[in-house]
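Source file run-v9.cif; content: mmCIF, C-alpha atoms, pLDDT in the B column; chains and numbers go by the auth columns.
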data_work
loop_
_atom_site.group_PDB
_atom_site.id
_atom_site.type_symbol
_atom_site.label_atom_id
_atom_site.label_comp_id
_atom_site.label_asym_id
_atom_site.label_seq_id
_atom_site.Cartn_x
_atom_site.Cartn_y
_atom_site.Cartn_z
_atom_site.B_iso_or_equiv
_atom_site.auth_seq_id
_atom_site.auth_asym_id
ATOM 1 C CA MET A 1 -45.902 -108.778 103.884 44.00 1 A
ATOM 2 C CA LYS A 2 -46.332 -109.552 107.591 43.00 2 A
ATOM 3 C CA HIS A 3 -45.585 -113.227 106.940 44.00 3 A
ATOM 4 C CA SER A 4 -42.354 -112.383 105.096 43.00 4 A
ATOM 5 C CA ILE A 5 -41.228 -110.043 107.888 41.00 5 A
ATOM 6 C CA LEU A 6 -41.769 -112.756 110.493 41.00 6 A
ATOM 7 C CA LEU A 7 -39.740 -115.224 108.427 42.00 7 A
ATOM 8 C CA PHE A 8 -36.996 -112.607 108.171 42.00 8 A
ATOM 9 C CA LEU A 9 -36.888 -112.188 111.952 43.00 9 A
ATOM 10 C CA LEU A 10 -36.786 -115.936 112.477 42.00 10 A
ATOM 11 C CA ALA A 11 -33.848 -116.196 110.079 42.00 11 A
ATOM 12 C CA LEU A 12 -31.881 -113.659 112.118 42.00 12 A
ATOM 13 C CA CYS A 13 -32.423 -115.368 115.482 42.00 13 A
ATOM 14 C CA THR A 14 -29.496 -117.180 117.086 37.00 14 A
ATOM 15 C CA SER A 15 -29.214 -119.544 120.061 38.00 15 A
ATOM 16 C CA VAL A 16 -26.622 -117.563 122.013 40.00 16 A
ATOM 17 C CA GLN A 17 -26.864 -118.246 125.741 52.00 17 A
ATOM 18 C CA ALA A 18 -26.421 -115.922 128.714 70.00 18 A
ATOM 19 C CA GLN A 19 -27.860 -112.894 126.968 82.00 19 A
ATOM 20 C CA ILE A 20 -28.490 -109.836 129.136 89.00 20 A
ATOM 21 C CA PRO A 21 -30.891 -106.998 128.215 84.00 21 A
ATOM 22 C CA ALA A 22 -28.887 -103.831 127.532 84.00 22 A
ATOM 23 C CA GLY A 23 -31.412 -101.068 126.954 89.00 23 A
ATOM 24 C CA ARG A 24 -32.322 -99.727 123.530 90.00 24 A
ATOM 25 C CA SER A 25 -30.758 -97.904 120.615 90.00 25 A
ATOM 26 C CA LYS A 26 -32.302 -95.631 117.990 87.00 26 A
ATOM 27 C CA GLY A 27 -29.633 -96.657 115.515 88.00 27 A
ATOM 28 C CA VAL A 28 -28.359 -99.919 114.077 90.00 28 A
ATOM 29 C CA THR A 29 -24.743 -98.976 114.810 93.00 29 A
ATOM 30 C CA MET A 30 -22.919 -98.766 118.117 95.00 30 A
ATOM 31 C CA PHE A 31 -21.794 -95.185 117.560 94.00 31 A
ATOM 32 C CA SER A 32 -24.084 -92.439 116.295 91.00 32 A
ATOM 33 C CA ASP A 33 -21.406 -91.195 113.879 93.00 33 A
ATOM 34 C CA PHE A 34 -18.841 -93.009 111.764 95.00 34 A
ATOM 35 C CA GLN A 35 -15.448 -92.539 113.434 95.00 35 A
ATOM 36 C CA PRO A 36 -11.736 -93.131 112.798 97.00 36 A
ATOM 37 C CA ALA A 37 -10.477 -96.559 113.836 97.00 37 A
ATOM 38 C CA ILE A 38 -7.257 -98.514 113.954 97.00 38 A
ATOM 39 C CA ILE A 39 -8.032 -101.833 112.274 97.00 39 A
ATOM 40 C CA LYS A 40 -5.836 -104.834 113.110 96.00 40 A
ATOM 41 C CA LEU A 41 -5.863 -107.838 110.796 95.00 41 A
ATOM 42 C CA LYS A 42 -5.070 -111.435 111.689 94.00 42 A
ATOM 43 C CA ASP A 43 -2.046 -111.428 109.389 93.00 43 A
ATOM 44 C CA GLY A 44 -0.416 -108.816 111.647 94.00 44 A
ATOM 45 C CA LYS A 45 -1.074 -105.814 109.448 94.00 45 A
ATOM 46 C CA SER A 46 -2.906 -102.721 110.688 94.00 46 A
ATOM 47 C CA SER A 47 -4.326 -99.591 109.121 92.00 47 A
ATOM 48 C CA VAL A 48 -6.335 -96.490 109.982 95.00 48 A
ATOM 49 C CA HIS A 49 -9.723 -95.884 108.422 95.00 49 A
ATOM 50 C CA LYS A 50 -11.470 -92.554 108.958 94.00 50 A
ATOM 51 C CA GLN A 51 -15.097 -93.696 108.635 94.00 51 A
ATOM 52 C CA THR A 52 -15.949 -96.831 110.655 96.00 52 A
ATOM 53 C CA ASN A 53 -18.645 -98.142 112.962 95.00 53 A
ATOM 54 C CA ILE A 54 -20.004 -101.394 114.425 96.00 54 A
ATOM 55 C CA PHE A 55 -23.180 -102.899 112.979 94.00 55 A
ATOM 56 C CA LEU A 56 -25.430 -104.087 115.819 94.00 56 A
ATOM 57 C CA LYS A 57 -27.098 -106.744 113.729 91.00 57 A
ATOM 58 C CA ASN A 58 -24.075 -109.032 114.099 93.00 58 A
ATOM 59 C CA SER A 59 -21.412 -106.850 115.761 96.00 59 A
ATOM 60 C CA SER A 60 -19.417 -106.599 112.554 95.00 60 A
ATOM 61 C CA LEU A 61 -17.118 -103.832 111.345 95.00 61 A
ATOM 62 C CA VAL A 62 -18.705 -101.472 108.813 94.00 62 A
ATOM 63 C CA TYR A 63 -16.989 -98.642 106.972 93.00 63 A
ATOM 64 C CA LYS A 64 -17.592 -96.026 104.317 92.00 64 A
ATOM 65 C CA LYS A 65 -15.806 -96.437 101.007 88.00 65 A
ATOM 66 C CA VAL A 66 -13.770 -93.526 99.707 85.00 66 A
ATOM 67 C CA PRO A 67 -14.772 -91.490 97.784 86.00 67 A
ATOM 68 C CA THR A 68 -18.303 -92.849 97.189 88.00 68 A
ATOM 69 C CA GLY A 69 -19.385 -93.041 100.838 87.00 69 A
ATOM 70 C CA GLU A 70 -20.996 -96.443 100.226 90.00 70 A
ATOM 71 C CA ILE A 71 -21.303 -98.354 103.508 91.00 71 A
ATOM 72 C CA MET A 72 -19.634 -101.765 103.442 91.00 72 A
ATOM 73 C CA GLU A 73 -19.488 -104.668 105.876 91.00 73 A
ATOM 74 C CA ALA A 74 -15.990 -106.016 106.505 93.00 74 A
ATOM 75 C CA SER A 75 -15.044 -109.676 106.133 92.00 75 A
ATOM 76 C CA MET A 76 -14.861 -110.530 109.829 95.00 76 A
ATOM 77 C CA PRO A 77 -12.693 -113.702 109.588 95.00 77 A
ATOM 78 C CA VAL A 78 -9.702 -111.531 108.626 95.00 78 A
ATOM 79 C CA VAL A 79 -10.228 -108.888 111.350 96.00 79 A
ATOM 80 C CA ALA A 80 -8.326 -109.375 114.626 97.00 80 A
ATOM 81 C CA GLY A 81 -9.699 -106.284 116.338 97.00 81 A
ATOM 82 C CA ILE A 82 -10.207 -102.542 116.173 98.00 82 A
ATOM 83 C CA THR A 83 -9.747 -99.474 118.330 98.00 83 A
ATOM 84 C CA ILE A 84 -12.264 -96.616 118.129 97.00 84 A
ATOM 85 C CA GLY A 85 -11.330 -93.764 120.445 95.00 85 A
ATOM 86 C CA GLU A 86 -10.869 -95.284 123.912 95.00 86 A
ATOM 87 C CA HIS A 87 -12.797 -98.440 123.002 97.00 87 A
ATOM 88 C CA ASP A 88 -10.878 -101.620 122.178 98.00 88 A
ATOM 89 C CA PHE A 89 -12.595 -104.514 120.420 98.00 89 A
ATOM 90 C CA ILE A 90 -11.342 -108.000 119.621 98.00 90 A
ATOM 91 C CA ASN A 91 -12.733 -110.629 117.295 98.00 91 A
ATOM 92 C CA VAL A 92 -14.677 -113.248 119.254 97.00 92 A
ATOM 93 C CA LYS A 93 -16.544 -115.797 117.147 96.00 93 A
ATOM 94 C CA ASN A 94 -16.379 -113.347 114.210 96.00 94 A
ATOM 95 C CA GLN A 95 -18.057 -110.632 116.266 98.00 95 A
ATOM 96 C CA LEU A 96 -16.432 -107.483 117.619 98.00 96 A
ATOM 97 C CA ALA A 97 -16.370 -107.788 121.412 98.00 97 A
ATOM 98 C CA GLU A 98 -15.489 -104.750 123.515 98.00 98 A
ATOM 99 C CA VAL A 99 -12.814 -105.312 126.145 98.00 99 A
ATOM 100 C CA VAL A 100 -14.387 -104.091 129.393 98.00 100 A
ATOM 101 C CA ALA A 101 -11.753 -105.320 131.878 98.00 101 A
ATOM 102 C CA THR A 102 -8.381 -107.070 131.875 97.00 102 A
ATOM 103 C CA GLU A 103 -6.395 -108.739 134.632 96.00 103 A
ATOM 104 C CA GLY A 104 -3.177 -110.566 133.843 94.00 104 A
ATOM 105 C CA ASN A 105 -3.696 -112.643 130.707 94.00 105 A
ATOM 106 C CA ALA A 106 -7.487 -112.740 131.072 97.00 106 A
ATOM 107 C CA SER A 107 -10.029 -110.273 129.710 98.00 107 A
ATOM 108 C CA LEU A 108 -13.762 -109.826 130.095 98.00 108 A
ATOM 109 C CA VAL A 109 -15.356 -108.842 126.792 98.00 109 A
ATOM 110 C CA ARG A 110 -18.884 -107.876 125.761 98.00 110 A
ATOM 111 C CA VAL A 111 -20.718 -108.471 122.500 98.00 111 A
ATOM 112 C CA ARG A 112 -23.671 -106.098 122.053 96.00 112 A
ATOM 113 C CA LEU A 113 -26.363 -106.971 119.508 96.00 113 A
ATOM 114 C CA ILE A 114 -29.878 -106.015 118.526 92.00 114 A
ATOM 115 C CA ASP A 115 -32.215 -108.362 120.400 91.00 115 A
ATOM 116 C CA VAL A 116 -34.104 -109.934 117.525 85.00 116 A
ATOM 117 C CA GLU A 117 -36.102 -112.224 119.838 83.00 117 A
ATOM 118 C CA THR A 118 -37.563 -109.199 121.626 82.00 118 A
ATOM 119 C CA MET A 119 -38.197 -107.468 118.292 80.00 119 A
ATOM 120 C CA LYS A 120 -40.040 -110.554 117.090 78.00 120 A
ATOM 121 C CA GLY A 121 -42.185 -110.611 120.219 78.00 121 A
ATOM 122 C CA GLU A 122 -42.992 -106.918 119.918 73.00 122 A
ATOM 123 C CA TYR A 123 -43.912 -107.368 116.293 69.00 123 A
ATOM 124 C CA LEU A 124 -46.190 -110.314 117.055 72.00 124 A
ATOM 125 C CA ASN A 125 -47.824 -108.333 119.865 69.00 125 A
ATOM 126 C CA ASN A 126 -48.270 -105.369 117.536 55.00 126 A
ATOM 127 C CA SER A 127 -46.953 -103.099 120.267 48.00 127 A
ATOM 128 C CA THR A 128 -43.804 -101.204 119.345 47.00 128 A
ATOM 129 C CA ILE A 129 -43.017 -102.494 115.851 45.00 129 A
ATOM 130 C CA THR A 130 -45.701 -101.040 113.611 44.00 130 A
ATOM 131 C CA ASN A 131 -43.737 -100.084 110.517 41.00 131 A
ATOM 132 C CA SER A 132 -42.024 -102.822 108.514 41.00 132 A
ATOM 133 C CA SER A 133 -39.579 -100.308 107.013 42.00 133 A
ATOM 134 C CA MET A 134 -37.588 -100.270 110.271 39.00 134 A
ATOM 135 C CA LEU A 135 -36.491 -103.821 109.532 39.00 135 A
ATOM 136 C CA ASP A 136 -34.870 -102.913 106.231 44.00 136 A
ATOM 137 C CA ASP A 137 -31.721 -101.768 108.007 42.00 137 A
ATOM 138 C CA LEU A 138 -31.101 -105.286 109.335 37.00 138 A
ATOM 139 C CA SER A 139 -31.070 -106.976 105.950 39.00 139 A
ATOM 140 C CA ALA A 140 -27.492 -106.043 105.090 39.00 140 A
ATOM 141 C CA GLY A 141 -25.292 -108.157 102.938 38.00 141 A
ATOM 142 C CA ARG A 142 -21.778 -107.136 102.060 44.00 142 A
ATOM 143 C CA ALA A 143 -22.919 -103.678 100.953 49.00 143 A
ATOM 144 C CA ILE A 144 -25.078 -102.076 103.629 47.00 144 A
ATOM 145 C CA GLY A 145 -26.480 -99.299 101.473 44.00 145 A
ATOM 146 C CA GLU A 146 -27.482 -95.741 102.183 39.00 146 A
ATOM 147 C CA SER A 147 -30.597 -96.695 104.150 36.00 147 A
ATOM 148 C CA MET A 148 -28.460 -97.480 107.185 44.00 148 A
ATOM 149 C CA SER A 149 -27.021 -93.998 107.368 37.00 149 A
ATOM 150 C CA THR A 150 -30.249 -92.124 106.753 31.00 150 A
ATOM 151 C CA THR A 151 -33.086 -94.191 108.193 33.00 151 A
ATOM 152 C CA ARG A 152 -31.970 -95.081 111.698 36.00 152 A
ATOM 153 C CA ILE A 153 -28.651 -93.492 112.632 37.00 153 A
ATOM 154 C CA ASP A 154 -30.258 -90.067 112.736 38.00 154 A
ATOM 155 C CA GLY A 155 -32.700 -91.452 115.326 40.00 155 A
ATOM 156 C CA ALA A 156 -35.988 -89.977 114.169 41.00 156 A
ATOM 157 C CA GLU A 157 -38.212 -89.260 117.148 48.00 157 A
ATOM 158 C CA ASP A 158 -41.223 -91.038 115.680 49.00 158 A
ATOM 159 C CA GLU A 159 -39.372 -94.355 115.416 52.00 159 A
ATOM 160 C CA GLU A 160 -39.192 -96.881 118.218 61.00 160 A
ATOM 161 C CA PRO A 161 -35.630 -97.803 119.262 81.00 161 A
ATOM 162 C CA TYR A 162 -34.097 -101.236 118.867 88.00 162 A
ATOM 163 C CA PRO A 163 -33.843 -103.458 121.974 92.00 163 A
ATOM 164 C CA LEU A 164 -30.268 -104.531 122.742 94.00 164 A
ATOM 165 C CA MET A 165 -28.716 -107.528 124.441 95.00 165 A
ATOM 166 C CA ASP A 166 -25.231 -108.170 125.811 96.00 166 A
ATOM 167 C CA THR A 167 -23.308 -111.438 125.903 97.00 167 A
ATOM 168 C CA TYR A 168 -20.116 -111.607 127.982 98.00 168 A
ATOM 169 C CA TYR A 169 -17.104 -113.847 127.479 98.00 169 A
ATOM 170 C CA TYR A 170 -13.822 -114.442 129.263 98.00 170 A
ATOM 171 C CA VAL A 171 -10.872 -114.543 126.882 98.00 171 A
ATOM 172 C CA VAL A 172 -7.815 -116.320 128.274 97.00 172 A
ATOM 173 C CA GLY A 173 -5.054 -116.633 125.711 92.00 173 A
ATOM 174 C CA ASP A 174 -6.746 -118.314 122.759 92.00 174 A
ATOM 175 C CA LYS A 175 -9.625 -119.694 124.860 96.00 175 A
ATOM 176 C CA VAL A 176 -13.076 -118.092 124.774 97.00 176 A
ATOM 177 C CA ILE A 177 -15.356 -118.923 127.719 98.00 177 A
ATOM 178 C CA LEU A 178 -19.003 -117.886 127.925 97.00 178 A
ATOM 179 C CA ALA A 179 -19.641 -115.929 131.143 97.00 179 A
ATOM 180 C CA HIS A 180 -22.046 -118.484 132.541 95.00 180 A
ATOM 181 C CA GLU A 181 -21.777 -120.860 135.479 93.00 181 A
ATOM 182 C CA ARG A 182 -21.928 -123.957 133.301 94.00 182 A
ATOM 183 C CA SER A 183 -18.963 -122.710 131.250 96.00 183 A
ATOM 184 C CA VAL A 184 -16.794 -120.882 133.791 97.00 184 A
ATOM 185 C CA LYS A 185 -16.520 -123.440 136.590 95.00 185 A
ATOM 186 C CA PRO A 186 -15.200 -126.287 134.378 96.00 186 A
ATOM 187 C CA ALA A 187 -12.683 -123.877 132.801 96.00 187 A
ATOM 188 C CA LEU A 188 -11.045 -123.033 136.141 97.00 188 A
ATOM 189 C CA LYS A 189 -8.155 -124.927 137.678 95.00 189 A
ATOM 190 C CA LYS A 190 -9.275 -127.099 140.588 95.00 190 A
ATOM 191 C CA ASP A 191 -7.341 -125.031 143.135 95.00 191 A
ATOM 192 C CA ARG A 192 -9.354 -121.904 142.163 96.00 192 A
ATOM 193 C CA ARG A 193 -12.819 -123.435 142.379 95.00 193 A
ATOM 194 C CA LYS A 194 -13.162 -122.962 146.146 96.00 194 A
ATOM 195 C CA GLU A 195 -12.531 -119.221 145.747 97.00 195 A
ATOM 196 C CA TYR A 196 -14.963 -119.247 142.839 97.00 196 A
ATOM 197 C CA GLN A 197 -17.699 -120.732 145.033 96.00 197 A
ATOM 198 C CA ILE A 198 -17.097 -118.067 147.670 97.00 198 A
ATOM 199 C CA ILE A 199 -17.348 -115.224 145.129 97.00 199 A
ATOM 200 C CA ILE A 200 -20.569 -116.412 143.511 96.00 200 A
ATOM 201 C CA SER A 201 -22.190 -117.024 146.917 94.00 201 A
ATOM 202 C CA LEU A 202 -21.857 -113.353 147.937 92.00 202 A
ATOM 203 C CA ASP A 203 -24.735 -111.597 146.181 93.00 203 A
ATOM 204 C CA PHE A 204 -23.219 -112.438 142.803 96.00 204 A
ATOM 205 C CA SER A 205 -25.180 -111.963 139.592 96.00 205 A
ATOM 206 C CA TRP A 206 -24.212 -113.251 136.148 96.00 206 A
ATOM 207 C CA SER A 207 -26.086 -110.284 134.679 94.00 207 A
ATOM 208 C CA ARG A 208 -23.943 -107.596 136.385 95.00 208 A
ATOM 209 C CA GLN A 209 -20.735 -106.619 134.648 97.00 209 A
ATOM 210 C CA GLU A 210 -19.050 -105.551 137.890 97.00 210 A
ATOM 211 C CA ASP A 211 -19.657 -109.015 139.317 97.00 211 A
ATOM 212 C CA LEU A 212 -18.255 -110.741 136.250 98.00 212 A
ATOM 213 C CA VAL A 213 -15.064 -108.678 136.634 98.00 213 A
ATOM 214 C CA LYS A 214 -14.536 -110.275 140.073 97.00 214 A
ATOM 215 C CA LEU A 215 -13.913 -113.653 138.423 98.00 215 A
ATOM 216 C CA LEU A 216 -11.085 -112.432 136.188 97.00 216 A
ATOM 217 C CA LYS A 217 -8.392 -113.095 138.813 96.00 217 A
ATOM 218 C CA LEU A 218 -9.352 -116.774 138.913 97.00 218 A
ATOM 219 C CA PHE A 219 -8.081 -117.331 135.388 96.00 219 A
ATOM 220 C CA ASN A 220 -4.508 -116.249 136.279 91.00 220 A
#
When written as structure tokens, how does the structure in this file appear?
Amino acid sequence: MKHSILLFLLALCTSVQAQIPAGRSKGVTMFSDFQPAIIKLKDGKSSVHKQTNIFLKNSSLVYKKVPTGEIMEASMPVVAGITIGEHDFINVKNQLAEVVATEGNASLVRVRLIDVETMKGEYLNNSTITNSSMLDDLSAGRAIGESMSTTRIDGAEDEEPYPLMDTYYYVVGDKVILAHERSVKPALKKDRRKEYQIIISLDFSWSRQEDLVKLLKLFN
């Protein structure tokens, strides 16, 4: 059993760069409750669904079917973005990225995911992951199943929370730029690079959202 769980964790791991620890969550969804959302499709159509959420395994849109209540995972290639309350999300690399700041035609967006690498390390160290059942919620296919809504969303006190990680991107028109020095500097026009060097030399951190916002003006 332990061997199969480790293989499962390895299968989920990705090589995304510039990941920033983002605390922990007791649930596998971004919001504790399923909420109404405006869903925008890439063909220009939009609709309102009353029971939606974001699955933190891969930052995909999940929703409850009517009238059965079965939890389904949306086909992300057809989703342009969604709005849940005051939170706007756009599709970046088939993941829902929250728009955290916009200036001109450039936006800073954040993809929040369960940090599987940290989970794997905790499991191997036998520290916080002691019950293999907590991993069942991450094995979703198209149909998520009732386990997601009953096992983790309720946040039982005797269960350890999931570690989270954030990855930031700059979206400029149809360009997506990883918020990392190796990606941002080459993407800027030459006449903005001097200002860029000044900004990042003044106590700048690529792991602070407020610092990343300072670079937005350079893309306009």
Residue by residue, what does the PyMOL selection byres ((chain A and resi 209) around 12) grab here? Present the result as a ChimeraX atom specification. /A:20,22,99-101,108-110,166-170,179,204-208,210-216
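Among the candidates A:Thr83, A:Thr68, A:Ser107, A:Asn220, the residue lying nearest to Ile177 (chain A) is A:Ser107 (atoms considered: only C-alpha atoms).
Going from CA of Phe34 (chain A) over to CA of Leu164 (chain A), you cover 19.6 Å.
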Given all atoms listed in the file as the counted atoms, nearest of A:Lys185, A:Val171, A:Lys190, A:Lys40 to Gly104 (chain A): A:Val171
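Using all atoms listed in the file, the smallest distance between any of A:Arg24, A:Lys57, A:Lys194, A:Lys175 and Lys93 (chain A) comes from A:Lys175.
Between Ser60 (chain A) and the residues A:Lys26, A:Arg112, A:His87, A:Arg192, the shortest atom-to-atom distance, using all atoms listed in the file, involves A:Arg112.
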I'd like the interatomic distance between CA of Ile199 (chain A) and CA of Gln19 (chain A), to a tenth of an Å. 21.1 Å
Please, what distance in Å, to one decimal, runs between CA of Val48 (chain A) and CA of Asp33 (chain A)? 16.4 Å
What box, with edges along x, y and z, holds each listed atom of region 194-205 of chain A when 4 Å is added on every side, and can you state its centre and edge lengths in Å to one decimal, as JSON?
{"center_x": -18.9, "center_y": -117.3, "center_z": 143.8, "size_x": 20.6, "size_y": 19.4, "size_z": 16.3}
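When only C-alpha atoms are used to compute distances to Leu96 (chain A), the closest of the residues A:Lys64, A:Thr118, A:Ile54, A:Glu70 turns out to be A:Ile54.
When the PyMOL selection byres ((chain A and resi 55) around 9) is evaluated against the file, it yields Val28, Thr29, Met30, Asn53, Ile54, Leu56, Lys57, Asn58, Ser59, Ser60, Leu61, Val62, Glu73 and Leu113 of chain A.
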Non-local contacts of Asn105 (chain A) (8 Å; all atoms listed in the file; under 3 positions in same chain excluded) as a PDB file with C-alpha atoms, in the coordinates of the input:
ATOM      1  CA  THR A 102      -8.381-107.070 131.875  1.00 97.00           C
ATOM      2  CA  VAL A 172      -7.815-116.320 128.274  1.00 97.00           C
ATOM      3  CA  GLY A 173      -5.054-116.633 125.711  1.00 92.00           C
ATOM      4  CA  PHE A 219      -8.081-117.331 135.388  1.00 96.00           C
ATOM      5  CA  ASN A 220      -4.508-116.249 136.279  1.00 91.00           C
TER       6      ASN A 220
END
Selected residue, from A:Lys42, A:Ala18, A:Gly85, A:Lys50, that lies nearest to Glu181 (chain A) when counting all atoms listed in the file: A:Ala18
When the PyMOL selection byres ((chain A and resi 49) around 9) is applied to the structure above, which residues does it catch, written out as JSON, numbers by chain? {"A": [35, 36, 37, 38, 39, 47, 48, 50, 51, 52, 63, 64]}
Output C-alpha atoms for every residue in the selection just made, as an mmCIF file, in the coordinates of the input.
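Final output, again16.cif:
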data_model
loop_
_atom_site.group_PDB
_atom_site.id
_atom_site.type_symbol
_atom_site.label_atom_id
_atom_site.label_comp_id
_atom_site.auth_asym_id
_atom_site.auth_seq_id
_atom_site.Cartn_x
_atom_site.Cartn_y
_atom_site.Cartn_z
ATOM 1 C CA GLN A 35 -15.448 -92.539 113.434
ATOM 2 C CA PRO A 36 -11.736 -93.131 112.798
ATOM 3 C CA ALA A 37 -10.477 -96.559 113.836
ATOM 4 C CA ILE A 38 -7.257 -98.514 113.954
ATOM 5 C CA ILE A 39 -8.032 -101.833 112.274
ATOM 6 C CA SER A 47 -4.326 -99.591 109.121
ATOM 7 C CA VAL A 48 -6.335 -96.490 109.982
ATOM 8 C CA LYS A 50 -11.470 -92.554 108.958
ATOM 9 C CA GLN A 51 -15.097 -93.696 108.635
ATOM 10 C CA THR A 52 -15.949 -96.831 110.655
ATOM 11 C CA TYR A 63 -16.989 -98.642 106.972
ATOM 12 C CA LYS A 64 -17.592 -96.026 104.317
#
